[in-house]
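A.B. asks: Sharing coords01.cif (mmCIF, C-alpha atoms) below.
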```cif
data_entry
loop_
_atom_site.label_atom_id
_atom_site.label_comp_id
_atom_site.auth_asym_id
_atom_site.auth_seq_id
_atom_site.Cartn_x
_atom_site.Cartn_y
_atom_site.Cartn_z
CA MET F 1 -4.49 -0.84 35.31
CA SER F 2 -4.11 -4.60 35.58
CA ALA F 3 -2.52 -6.55 32.74
CA GLN F 4 -4.85 -8.33 30.35
CA PRO F 5 -4.78 -12.11 30.60
CA ASN F 6 -3.06 -14.02 27.82
CA THR F 7 -6.07 -15.51 26.07
CA PRO F 8 -5.87 -17.12 22.63
CA THR F 9 -7.44 -15.16 19.77
CA ARG F 10 -9.34 -16.73 16.91
CA MET F 11 -7.50 -16.30 13.63
CA HIS F 12 -9.36 -15.07 10.58
CA VAL F 13 -9.30 -18.08 8.25
CA VAL F 14 -10.38 -17.94 4.60
CA ASP F 15 -11.16 -20.78 2.23
CA GLY F 16 -8.32 -21.27 -0.21
CA PHE F 17 -7.03 -18.90 -2.87
CA ALA F 18 -10.47 -17.53 -3.72
CA GLY F 19 -11.13 -16.62 -0.10
CA ALA F 20 -7.89 -14.65 0.04
CA VAL F 21 -8.78 -12.41 -2.92
CA GLY F 22 -10.02 -8.94 -1.99
CA HIS F 23 -10.31 -6.94 1.24
CA THR F 24 -7.02 -5.14 0.67
CA PRO F 25 -6.30 -2.11 2.86
CA LEU F 26 -6.50 1.52 1.86
CA ILE F 27 -3.15 3.22 2.48
CA ARG F 28 -2.97 6.95 3.12
CA LEU F 29 -0.24 8.30 0.83
CA ARG F 30 1.37 10.82 3.14
CA ARG F 31 3.40 12.88 0.70
CA ALA F 32 0.72 13.10 -1.98
CA SER F 33 -1.82 14.06 0.68
CA ALA F 34 0.45 16.71 2.19
CA ALA F 35 1.26 18.18 -1.22
CA THR F 36 -2.41 18.63 -2.15
CA GLY F 37 -4.21 19.22 1.16
CA CYS F 38 -6.42 16.23 0.30
CA GLU F 39 -6.66 12.68 1.57
CA ILE F 40 -5.13 10.57 -1.20
CA LEU F 41 -5.66 6.87 -0.53
CA GLY F 42 -4.23 3.93 -2.45
CA LYS F 43 -5.97 0.55 -2.45
CA ALA F 44 -3.15 -1.91 -1.88
CA GLU F 45 -3.89 -4.43 -4.64
CA PHE F 46 -0.23 -5.49 -4.66
CA MET F 47 -1.20 -7.36 -1.46
CA GLN F 48 -3.50 -9.76 -3.35
CA PRO F 49 -2.43 -13.44 -3.16
CA GLY F 50 -1.33 -13.36 -6.79
CA GLY F 51 0.26 -9.95 -6.39
CA SER F 52 -2.04 -7.70 -8.40
CA VAL F 53 -5.52 -6.22 -8.88
CA LYS F 54 -6.01 -8.73 -11.71
CA ASP F 55 -6.63 -11.53 -9.19
CA ARG F 56 -10.14 -10.09 -8.84
CA ALA F 57 -10.79 -10.25 -12.58
CA GLY F 58 -9.31 -13.74 -12.87
CA LEU F 59 -11.49 -15.07 -10.08
CA GLY F 60 -14.60 -13.28 -11.34
CA ILE F 61 -14.20 -14.57 -14.90
CA ILE F 62 -13.68 -18.19 -13.84
CA GLU F 63 -16.51 -18.13 -11.30
CA ASP F 64 -18.80 -16.70 -13.98
CA ALA F 65 -17.82 -19.54 -16.36
CA GLU F 66 -18.61 -22.06 -13.60
CA ARG F 67 -22.02 -20.51 -12.98
CA ARG F 68 -22.73 -20.82 -16.69
CA GLY F 69 -21.70 -24.49 -16.68
CA GLN F 70 -18.74 -23.92 -18.98
CA LEU F 71 -16.32 -25.21 -16.33
CA THR F 72 -16.79 -27.47 -13.31
CA PRO F 73 -14.34 -27.38 -10.38
CA GLY F 74 -12.34 -30.58 -10.11
CA GLU F 75 -13.15 -31.67 -13.65
CA PRO F 76 -10.86 -31.23 -16.68
CA GLY F 77 -11.04 -27.77 -18.18
CA ILE F 78 -8.83 -25.24 -19.90
CA VAL F 79 -8.64 -21.47 -19.45
CA VAL F 80 -7.06 -19.54 -22.34
CA GLU F 81 -6.19 -15.87 -22.28
CA GLY F 82 -4.07 -13.22 -23.97
CA THR F 83 -2.59 -10.85 -21.41
CA ALA F 84 0.19 -8.43 -20.56
CA GLY F 85 0.92 -10.75 -17.64
CA ASN F 86 -0.98 -9.99 -14.44
CA THR F 87 -4.37 -11.30 -15.57
CA GLY F 88 -2.59 -14.44 -16.74
CA ILE F 89 -1.09 -14.86 -13.29
CA GLY F 90 -4.46 -14.43 -11.58
CA LEU F 91 -6.20 -16.81 -14.00
CA THR F 92 -3.47 -19.44 -13.67
CA LEU F 93 -3.58 -19.42 -9.88
CA VAL F 94 -7.39 -19.66 -9.82
CA ALA F 95 -7.21 -22.43 -12.44
CA ASN F 96 -4.67 -24.31 -10.32
CA ALA F 97 -6.95 -24.05 -7.30
CA ARG F 98 -9.94 -25.32 -9.32
CA GLY F 99 -8.13 -28.13 -11.15
CA TYR F 100 -7.96 -26.53 -14.62
CA LYS F 101 -5.12 -25.96 -17.06
CA ALA F 102 -4.16 -22.42 -18.10
CA ILE F 103 -2.78 -21.45 -21.52
CA ILE F 104 -1.51 -17.89 -21.40
CA VAL F 105 -0.44 -15.87 -24.45
CA VAL F 106 1.83 -12.90 -23.72
CA PRO F 107 3.82 -10.46 -25.89
CA ARG F 108 7.47 -11.33 -25.50
CA THR F 109 8.22 -7.65 -24.72
CA GLN F 110 6.65 -7.85 -21.25
CA SER F 111 8.87 -7.80 -18.18
CA ARG F 112 11.04 -10.85 -17.63
CA GLU F 113 9.80 -11.09 -14.04
CA LYS F 114 6.18 -11.61 -15.08
CA LEU F 115 7.11 -14.19 -17.70
CA ASP F 116 9.26 -16.10 -15.18
CA PHE F 117 6.44 -15.99 -12.63
CA LEU F 118 3.94 -17.40 -15.13
CA ARG F 119 6.29 -20.29 -15.89
CA MET F 120 6.93 -20.85 -12.19
CA ILE F 121 3.22 -21.24 -11.35
CA GLY F 122 2.63 -23.73 -14.16
CA ALA F 123 1.07 -21.71 -16.95
CA ASP F 124 1.41 -23.08 -20.47
CA LEU F 125 3.08 -19.90 -21.66
CA ARG F 126 2.97 -18.94 -25.34
CA LEU F 127 5.07 -15.90 -26.31
CA VAL F 128 4.20 -13.88 -29.41
CA ASP F 129 5.69 -10.85 -31.14
CA PRO F 130 3.93 -7.51 -30.58
CA LYS F 131 1.35 -6.93 -33.33
CA PRO F 132 -1.40 -4.36 -33.92
CA LEU F 133 -4.86 -5.35 -32.72
CA ARG F 134 -6.12 -5.94 -36.27
CA ASP F 135 -3.40 -8.56 -36.87
CA PRO F 136 -4.30 -12.25 -36.26
CA GLY F 137 -0.98 -12.57 -34.45
CA HIS F 138 -1.92 -10.00 -31.80
CA TYR F 139 -1.84 -11.72 -28.42
CA VAL F 140 -5.59 -11.34 -27.86
CA ASN F 141 -6.49 -12.74 -31.31
CA PHE F 142 -3.90 -15.50 -30.99
CA SER F 143 -5.37 -16.63 -27.66
CA ARG F 144 -8.90 -16.63 -29.08
CA ALA F 145 -7.76 -18.83 -31.98
CA ILE F 146 -6.21 -21.31 -29.52
CA ALA F 147 -9.46 -21.50 -27.53
CA GLU F 148 -11.55 -21.96 -30.69
CA ASP F 149 -9.25 -24.73 -31.92
CA LEU F 150 -9.43 -26.57 -28.60
CA ALA F 151 -13.22 -26.24 -28.50
CA ALA F 152 -13.44 -27.66 -32.03
CA LYS F 153 -11.50 -30.68 -30.78
CA GLY F 154 -14.06 -31.25 -28.03
CA GLU F 155 -12.09 -29.82 -25.12
CA ARG F 156 -13.93 -28.08 -22.29
CA VAL F 157 -12.38 -24.66 -22.66
CA ILE F 158 -13.11 -20.98 -22.11
CA TRP F 159 -11.49 -17.95 -23.67
CA ALA F 160 -11.32 -15.56 -20.73
CA ASN F 161 -11.55 -12.47 -22.98
CA GLN F 162 -10.78 -10.02 -20.18
CA PHE F 163 -11.27 -6.99 -22.45
CA GLY F 164 -14.80 -7.88 -23.53
CA ASN F 165 -15.99 -10.23 -20.77
CA LEU F 166 -18.25 -8.15 -18.55
CA ALA F 167 -17.65 -10.54 -15.64
CA ASN F 168 -14.41 -8.56 -15.25
CA ALA F 169 -16.11 -5.25 -14.40
CA ALA F 170 -18.84 -7.09 -12.46
CA ALA F 171 -16.18 -8.52 -10.12
CA HIS F 172 -14.95 -5.00 -9.31
CA GLU F 173 -18.48 -3.67 -8.89
CA ALA F 174 -19.26 -6.44 -6.40
CA THR F 175 -15.97 -6.26 -4.47
CA THR F 176 -13.51 -3.41 -5.07
CA GLY F 177 -16.09 -0.64 -5.30
CA ILE F 178 -18.01 -1.78 -2.23
CA GLU F 179 -14.79 -2.18 -0.23
CA ILE F 180 -13.69 1.36 -1.11
CA TRP F 181 -17.09 2.77 -0.11
CA GLU F 182 -17.08 0.94 3.22
CA GLN F 183 -13.41 1.69 4.00
CA THR F 184 -13.93 5.41 3.46
CA GLY F 185 -17.24 5.39 5.33
CA GLY F 186 -18.82 6.81 2.19
CA ARG F 187 -16.59 9.89 2.41
CA ILE F 188 -15.07 9.80 -1.05
CA ASP F 189 -15.06 12.61 -3.60
CA ALA F 190 -13.22 11.02 -6.53
CA PHE F 191 -11.82 7.74 -7.82
CA THR F 192 -9.19 7.47 -10.53
CA CYS F 193 -7.31 4.64 -12.18
CA ALA F 194 -5.75 3.67 -15.49
CA CYS F 195 -7.38 1.27 -17.91
CA GLY F 196 -6.14 -1.81 -19.70
CA THR F 197 -9.41 -3.66 -19.94
CA GLY F 198 -11.37 -0.93 -18.16
CA GLY F 199 -12.82 -3.46 -15.72
CA THR F 200 -11.58 -1.76 -12.56
CA LEU F 201 -12.67 1.76 -13.52
CA ALA F 202 -16.05 0.67 -14.91
CA GLY F 203 -16.88 -1.66 -12.02
CA VAL F 204 -15.74 0.64 -9.24
CA GLY F 205 -17.39 3.58 -10.99
CA ARG F 206 -20.75 1.81 -11.11
CA ALA F 207 -20.53 0.78 -7.46
CA LEU F 208 -19.61 4.26 -6.22
CA LYS F 209 -22.07 6.17 -8.42
CA ALA F 210 -24.88 3.89 -7.22
CA ARG F 211 -24.14 5.05 -3.67
CA ASP F 212 -23.35 8.70 -4.41
CA PRO F 213 -23.77 10.09 -7.94
CA LYS F 214 -21.54 13.05 -7.02
CA VAL F 215 -18.38 10.93 -6.76
CA ARG F 216 -16.12 11.86 -9.69
CA ILE F 217 -14.80 8.94 -11.72
CA VAL F 218 -11.65 9.88 -13.65
CA LEU F 219 -9.74 7.77 -16.16
CA ALA F 220 -5.94 7.97 -15.85
CA ASP F 221 -4.19 7.44 -19.17
CA PRO F 222 -0.49 7.17 -20.04
CA MET F 223 0.89 8.48 -23.30
CA GLY F 224 0.46 6.06 -26.20
CA SER F 225 -3.13 5.28 -25.28
CA GLY F 226 -6.16 6.76 -27.00
CA LEU F 227 -8.56 6.55 -24.05
CA TYR F 228 -7.86 10.09 -22.80
CA SER F 229 -8.92 11.37 -26.21
CA TRP F 230 -11.93 9.03 -26.21
CA ILE F 231 -13.24 10.51 -22.96
CA LYS F 232 -12.49 14.10 -24.00
CA THR F 233 -13.59 14.00 -27.66
CA GLY F 234 -15.31 10.68 -28.31
CA GLU F 235 -12.50 9.63 -30.66
CA VAL F 236 -9.79 7.10 -29.77
CA LYS F 237 -6.64 8.95 -30.76
CA ALA F 238 -3.24 8.12 -29.29
CA GLU F 239 -0.15 10.30 -29.06
CA GLY F 240 3.32 9.50 -27.82
CA ASN F 241 4.28 6.26 -26.10
CA SER F 242 4.86 4.75 -22.68
CA ILE F 243 6.91 2.05 -21.00
CA THR F 244 3.94 1.01 -18.82
CA GLU F 245 2.67 -2.54 -19.26
CA GLY F 246 -0.96 -3.60 -19.52
CA ILE F 247 -2.11 -0.01 -20.08
CA GLY F 248 -1.20 2.63 -22.63
CA GLN F 249 -1.88 0.45 -25.67
CA ALA F 250 -5.50 1.25 -26.40
CA THR F 251 -6.41 1.82 -30.05
CA ALA F 252 -10.07 1.11 -29.29
CA ALA F 253 -12.23 1.30 -26.17
CA PRO F 254 -12.46 -2.21 -24.64
CA GLY F 255 -15.92 -3.66 -24.05
CA ASN F 256 -15.78 -3.36 -20.27
CA LEU F 257 -14.97 0.32 -20.55
CA GLU F 258 -17.62 1.01 -23.20
CA HIS F 259 -20.26 -0.43 -20.86
CA GLY F 260 -19.00 1.86 -18.10
CA ARG F 261 -18.73 5.05 -20.17
CA ASP F 262 -21.77 6.68 -18.57
CA TYR F 263 -20.07 6.55 -15.17
CA ILE F 264 -16.83 8.27 -16.25
CA ASP F 265 -16.68 12.03 -15.66
CA ASP F 266 -13.23 12.99 -16.91
CA ALA F 267 -9.75 11.84 -17.90
CA VAL F 268 -6.19 12.81 -16.95
CA GLN F 269 -3.09 12.18 -19.07
CA VAL F 270 0.18 11.17 -17.37
CA THR F 271 3.68 11.03 -18.90
CA ASP F 272 6.26 8.38 -17.99
CA PRO F 273 8.58 10.79 -16.11
CA VAL F 274 5.66 12.00 -13.94
CA ALA F 275 4.52 8.43 -13.24
CA LEU F 276 8.06 7.29 -12.41
CA GLU F 277 8.49 10.23 -10.03
CA GLN F 278 5.62 8.79 -7.98
CA VAL F 279 6.91 5.21 -8.21
CA PHE F 280 10.33 6.23 -6.93
CA ASP F 281 8.97 8.68 -4.33
CA LEU F 282 6.64 6.08 -2.83
CA GLN F 283 9.43 3.56 -2.53
CA GLN F 284 12.10 5.90 -1.19
CA HIS F 285 9.99 7.88 1.26
CA GLU F 286 6.99 5.72 2.18
CA GLY F 287 8.30 2.18 1.81
CA ILE F 288 5.64 1.28 -0.76
CA SER F 289 7.03 -0.54 -3.80
CA VAL F 290 4.73 -0.43 -6.83
CA GLY F 291 4.82 -0.75 -10.61
CA GLY F 292 4.36 1.81 -13.37
CA SER F 293 0.56 1.62 -13.54
CA ALA F 294 0.34 2.57 -9.88
CA GLY F 295 2.64 5.50 -10.61
CA VAL F 296 0.22 6.67 -13.30
CA ASN F 297 -2.67 6.27 -10.86
CA VAL F 298 -1.06 8.22 -8.03
CA ALA F 299 0.03 11.00 -10.38
CA ALA F 300 -3.55 11.19 -11.68
CA ALA F 301 -4.94 11.26 -8.14
CA ILE F 302 -2.66 14.22 -7.36
CA ALA F 303 -3.84 16.00 -10.51
CA VAL F 304 -7.50 15.40 -9.60
CA ALA F 305 -6.86 16.59 -6.04
CA ARG F 306 -5.36 19.83 -7.34
CA GLN F 307 -8.33 20.32 -9.66
CA MET F 308 -10.81 19.81 -6.82
CA GLY F 309 -8.91 21.74 -4.17
CA PRO F 310 -7.97 20.94 -0.54
CA GLY F 311 -10.23 18.95 1.76
CA HIS F 312 -11.31 16.22 -0.65
CA THR F 313 -10.76 12.45 -0.54
CA ILE F 314 -9.43 10.76 -3.68
CA VAL F 315 -8.93 7.01 -3.97
CA THR F 316 -6.79 5.20 -6.51
CA ILE F 317 -5.41 1.73 -7.16
CA LEU F 318 -1.90 0.48 -6.32
CA CYS F 319 -2.11 -2.21 -8.98
CA ASP F 320 0.95 -4.39 -8.37
CA GLY F 321 4.40 -4.43 -6.81
CA GLY F 322 7.65 -3.03 -8.15
CA ALA F 323 9.43 -6.41 -8.09
CA ARG F 324 7.55 -7.37 -11.29
CA TYR F 325 9.41 -4.61 -13.14
CA GLN F 326 12.90 -4.84 -11.68
CA SER F 327 14.47 -5.36 -15.11
CA LYS F 328 12.78 -2.22 -16.47
CA LEU F 329 11.62 0.42 -13.97
CA PHE F 330 14.54 -0.24 -11.63
CA ASN F 331 17.17 -0.89 -14.30
CA PRO F 332 19.33 2.24 -14.81
CA GLU F 333 20.49 1.10 -18.26
CA PHE F 334 16.92 0.60 -19.48
CA LEU F 335 15.79 3.94 -18.08
CA ARG F 336 18.73 5.88 -19.53
CA GLU F 337 18.18 4.25 -22.90
CA LYS F 338 14.60 5.57 -22.81
CA GLY F 339 15.68 9.01 -21.62
CA LEU F 340 13.88 8.54 -18.31
CA PRO F 341 14.91 9.46 -14.74
CA VAL F 342 16.87 6.93 -12.69
CA PRO F 343 15.95 6.45 -9.01
CA PRO F 344 18.56 8.26 -6.92
CA TRP F 345 19.60 5.19 -4.94
CA LEU F 346 20.49 3.38 -8.20
CA ALA F 347 22.10 6.32 -10.00
#
```
Would you put the structure from the file into C-alpha cells?
C.D. replies:
Amino acid sequence: MSAQPNTPTRMHVVDGFAGAVGHTPLIRLRRASAATGCEILGKAEFMQPGGSVKDRAGLGIIEDAERRGQLTPGEPGIVVEGTAGNTGIGLTLVANARGYKAIIVVPRTQSREKLDFLRMIGADLRLVDPKPLRDPGHYVNFSRAIAEDLAAKGERVIWANQFGNLANAAAHEATTGIEIWEQTGGRIDAFTCACGTGGTLAGVGRALKARDPKVRIVLADPMGSGLYSWIKTGEVKAEGNSITEGIGQATAAPGNLEHGRDYIDDAVQVTDPVALEQVFDLQQHEGISVGGSAGVNVAAAIAVARQMGPGHTIVTILCDGGARYQSKLFNPEFLREKGLPVPPWLA
C-alpha cells in the first residue's frame, strides 16, 4: 500500500473561552467496568478550559443574563456569586472573556488550591467563615447581600445564584445531556452524579429522559448531605459528614434540583473511604486524576451497575481534577487526621 501524501489538515478552531466549553470525551473506566460486567463511562469534565464541570454552569448563567439584558459584553458589569470554588472559577473566566468583574465569596475552609486559582485569575475573592444556611453570613447569603448593595448603588450587576438559577440546569440540558446521548449512540441505561446545586443531574436527567424515559437517573450523595433522604423519603435529613467540597452540605433541596425531581429515579449514598478508594484507584491504575466528587460519582456508578446487573451502560461525571485537592485528598497528614485511607504511593 502506497504511503499517504503529507497534506495539511484543517485544525478545529473554536471562538474564545466560550467556544472551548463542552464536548468533553467519555472515558471508559476499565477497572470499574471489569468489576461489574457493565460499561461504566466517565464524562471528562476535568478537561474543560476552567478545569471543571462548573464551566458549563458559569457560561450558561452569564449568557442567560446577557439574553435578558442584565449584562452586555464589553460594557461594565459585575458578576457576584457564593461558591465552594469551581463555579467561581468558571464565572470568573467567562467574566474575564466578556469584560466583566467577578466578586466571588467562598468559605475559607475550601482547598487552598482553589482559593489560589481564583486569586490568580483575577477574582475579587471574599473569604467567609462557614455558617449554616439560615445565617446571613453563609457564603450564599453574603454574596446576595453584596449584589443587592451594588445594585442599590446603580451598578450593573447580577447575582449568579447557581443554586436557584434555572439557567444552570438548562445549560446541562442543552449541552451535557445531549453530548452523553450522542456519544453513547443512545445506548445508555443509567446516569448518576452528585449534587451541589443539582444543575448537572437535573439538566442531564431531563435531556436523557426526553430521549428515552427508561434511562435511570440516580442521585449520588456523600454522607453529611440530606439529599439521599430527600429522594428516598421526601425529607431532607443528613447523617454523618464528608470531606468532599461543593457537595455533601445540603440541608435543603436547591431550586435546580427541585425542578428536576420528577426525572430522578433513585439515590445512592457513598462514604468518604469508598469515594477515596475510587479516586486513588483511578489515579494509580488508569492515569486519571480526579477530585473527591468524581470519586463519589464513580462509586455510585459501580453501585448502580451492581444493582442493574451485567451488560448495562452507566455514565457519570468526572467533575474536576485531583490537583485542586492536593492539600487535602493527597495530603497524608490531613487524611490520617480524618481517619481516612492514604494512597499507597504516599504512605
A.B. asks: Report as a ChimeraX atom specification all protein, DNA and RNA residues lying within 6 Å of segment 46-58 of chain F, evaluated on all atoms listed in the file, omitting residues in the same chain fewer than 4 positions from it.
C.D. replies: /F:21,86-87,90-91,168,319-321
A.B. asks: Residues near segment 24-39 of chain F, anyone? I mean within 7 Å using all atoms listed in the file, not counting same-chain ones fewer than 2 positions away, as a PyMOL selection string.
C.D. replies: chain F and resi 22+41-45+47+302+305-306+310-314
A.B. asks: If you apply the PyMOL selection byres ((chain F and resi 275-290) around 9) to this file, what residues do you get, as a PyMOL selection string?
C.D. replies: chain F and resi 29-32+46+222+270-274+291-300+318-325+329+340-345
A.B. asks: Which one is closest to Asp262 of chain F: F:Cys193, F:Val218, F:Val315, F:Val304? Count all atoms listed in the file.
C.D. replies: F:Val218
A.B. asks: Need the shell around segment 194-210 of chain F: protein/DNA/RNA residues with any atom at most 9 Å away, counting all atoms listed in the file. Skip same-chain ones fewer than 5 positions apart. Format as a PyMOL selection string?
C.D. replies: chain F and resi 53-54+57+162-164+166-178+180-181+186+188+215-222+227+245-250+253-264+293-294+296-297+300+317
A.B. asks: Which value, in Å to one decimal, gives the distance between atom CA of Ile121 of chain F and atom CA of Asn161 of chain F?
C.D. replies: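 That distance, rounded to one decimal, is 20.7 Å.
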A.B. asks: Can you translate the PyMOL selection byres ((chain F and resi 94-100) around 8) into the concrete residues it hits in this file, as a tab-separated table (two decimals) with C-alpha atoms, keeping the file's coordinate frame?
C.D. replies:
```tsv
chain	number	residue	atom	x	y	z
F	16	GLY	CA	-8.32	-21.27	-0.21
F	17	PHE	CA	-7.03	-18.90	-2.87
F	18	ALA	CA	-10.47	-17.53	-3.72
F	58	GLY	CA	-9.31	-13.74	-12.87
F	59	LEU	CA	-11.49	-15.07	-10.08
F	62	ILE	CA	-13.68	-18.19	-13.84
F	73	PRO	CA	-14.34	-27.38	-10.38
F	74	GLY	CA	-12.34	-30.58	-10.11
F	75	GLU	CA	-13.15	-31.67	-13.65
F	76	PRO	CA	-10.86	-31.23	-16.68
F	77	GLY	CA	-11.04	-27.77	-18.18
F	78	ILE	CA	-8.83	-25.24	-19.90
F	79	VAL	CA	-8.64	-21.47	-19.45
F	90	GLY	CA	-4.46	-14.43	-11.58
F	91	LEU	CA	-6.20	-16.81	-14.00
F	92	THR	CA	-3.47	-19.44	-13.67
F	93	LEU	CA	-3.58	-19.42	-9.88
F	101	LYS	CA	-5.12	-25.96	-17.06
F	102	ALA	CA	-4.16	-22.42	-18.10
```
A.B. asks: Looking at F:Glu155, F:Glu179, F:Glu66, F:Asp189, which one is nearest to Met308 of chain F, with distances taken over all atoms listed in the file?
C.D. replies: F:Asp189
A.B. asks: Just give me the gap between atom CA of Glu148 of chain F and atom CA of Val80 of chain F in Å, one decimal is fine.
C.D. replies: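 We find that atom CA of Glu148 of chain F and atom CA of Val80 of chain F lie 9.8 Å from each other.
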A.B. asks: Which distance in Å separates atom CA of Ser111 of chain F and atom CA of Glu333 of chain F, to one decimal?
C.D. replies: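 Here the two named atoms are 14.6 Å from each other.
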A.B. asks: Would you compute the box with edges along x, y and z of the file around segment 160-175 of chain F, including every atom the file lists for it and 5 Å extra on each side, and give its centre and edge lengths in Å to one decimal, as JSON?
C.D. replies:
```
{"center_x": -15.0, "center_y": -9.6, "center_z": -14.0, "size_x": 18.5, "size_y": 21.9, "size_z": 29.1}
```
A.B. asks: Choose the residue, out of F:Leu127, F:Val105, F:Leu335, F:Gly234, that has the smallest atom-to-atom separation from Ala347 of chain F; count all atoms listed in the file.
C.D. replies: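 The answer is F:Leu335, which sits nearest to Ala347 of chain F.
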A.B. asks: Measuring atom to atom with all atoms listed in the file, identify which of F:Lys114, F:Arg134, F:Lys232, F:Arg67 is nearest to Ala267 of chain F.
C.D. replies: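 Ranked by minimum distance to Ala267 of chain F, first place goes to F:Lys232.
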A.B. asks: Decode the PyMOL selection byres ((chain F and resi 108) around 6) for the given file into explicit residues and return them as an MDAnalysis selection string.
C.D. replies: chainID F and resid 107 109:110 127:129
A.B. asks: Neighbourhood query: residues within 12 Å of (-8.2, -19.4, -28.8), file coordinates, counting all atoms listed in the file; return as a ChimeraX atom specification.
C.D. replies: /F:78-82,102-105,126,136-153,155,157-161
A.B. asks: Go ahead and save the residues from that selection, with C-alpha atoms, as a tab-separated table (two decimals), in the frame of the given file.
C.D. replies:
```
chain	number	residue	atom	x	y	z
F	78	ILE	CA	-8.83	-25.24	-19.90
F	79	VAL	CA	-8.64	-21.47	-19.45
F	80	VAL	CA	-7.06	-19.54	-22.34
F	81	GLU	CA	-6.19	-15.87	-22.28
F	82	GLY	CA	-4.07	-13.22	-23.97
F	102	ALA	CA	-4.16	-22.42	-18.10
F	103	ILE	CA	-2.78	-21.45	-21.52
F	104	ILE	CA	-1.51	-17.89	-21.40
F	105	VAL	CA	-0.44	-15.87	-24.45
F	126	ARG	CA	2.97	-18.94	-25.34
F	136	PRO	CA	-4.30	-12.25	-36.26
F	137	GLY	CA	-0.98	-12.57	-34.45
F	138	HIS	CA	-1.92	-10.00	-31.80
F	139	TYR	CA	-1.84	-11.72	-28.42
F	140	VAL	CA	-5.59	-11.34	-27.86
F	141	ASN	CA	-6.49	-12.74	-31.31
F	142	PHE	CA	-3.90	-15.50	-30.99
F	143	SER	CA	-5.37	-16.63	-27.66
F	144	ARG	CA	-8.90	-16.63	-29.08
F	145	ALA	CA	-7.76	-18.83	-31.98
F	146	ILE	CA	-6.21	-21.31	-29.52
F	147	ALA	CA	-9.46	-21.50	-27.53
F	148	GLU	CA	-11.55	-21.96	-30.69
F	149	ASP	CA	-9.25	-24.73	-31.92
F	150	LEU	CA	-9.43	-26.57	-28.60
F	151	ALA	CA	-13.22	-26.24	-28.50
F	152	ALA	CA	-13.44	-27.66	-32.03
F	153	LYS	CA	-11.50	-30.68	-30.78
F	155	GLU	CA	-12.09	-29.82	-25.12
F	157	VAL	CA	-12.38	-24.66	-22.66
F	158	ILE	CA	-13.11	-20.98	-22.11
F	159	TRP	CA	-11.49	-17.95	-23.67
F	160	ALA	CA	-11.32	-15.56	-20.73
F	161	ASN	CA	-11.55	-12.47	-22.98
```
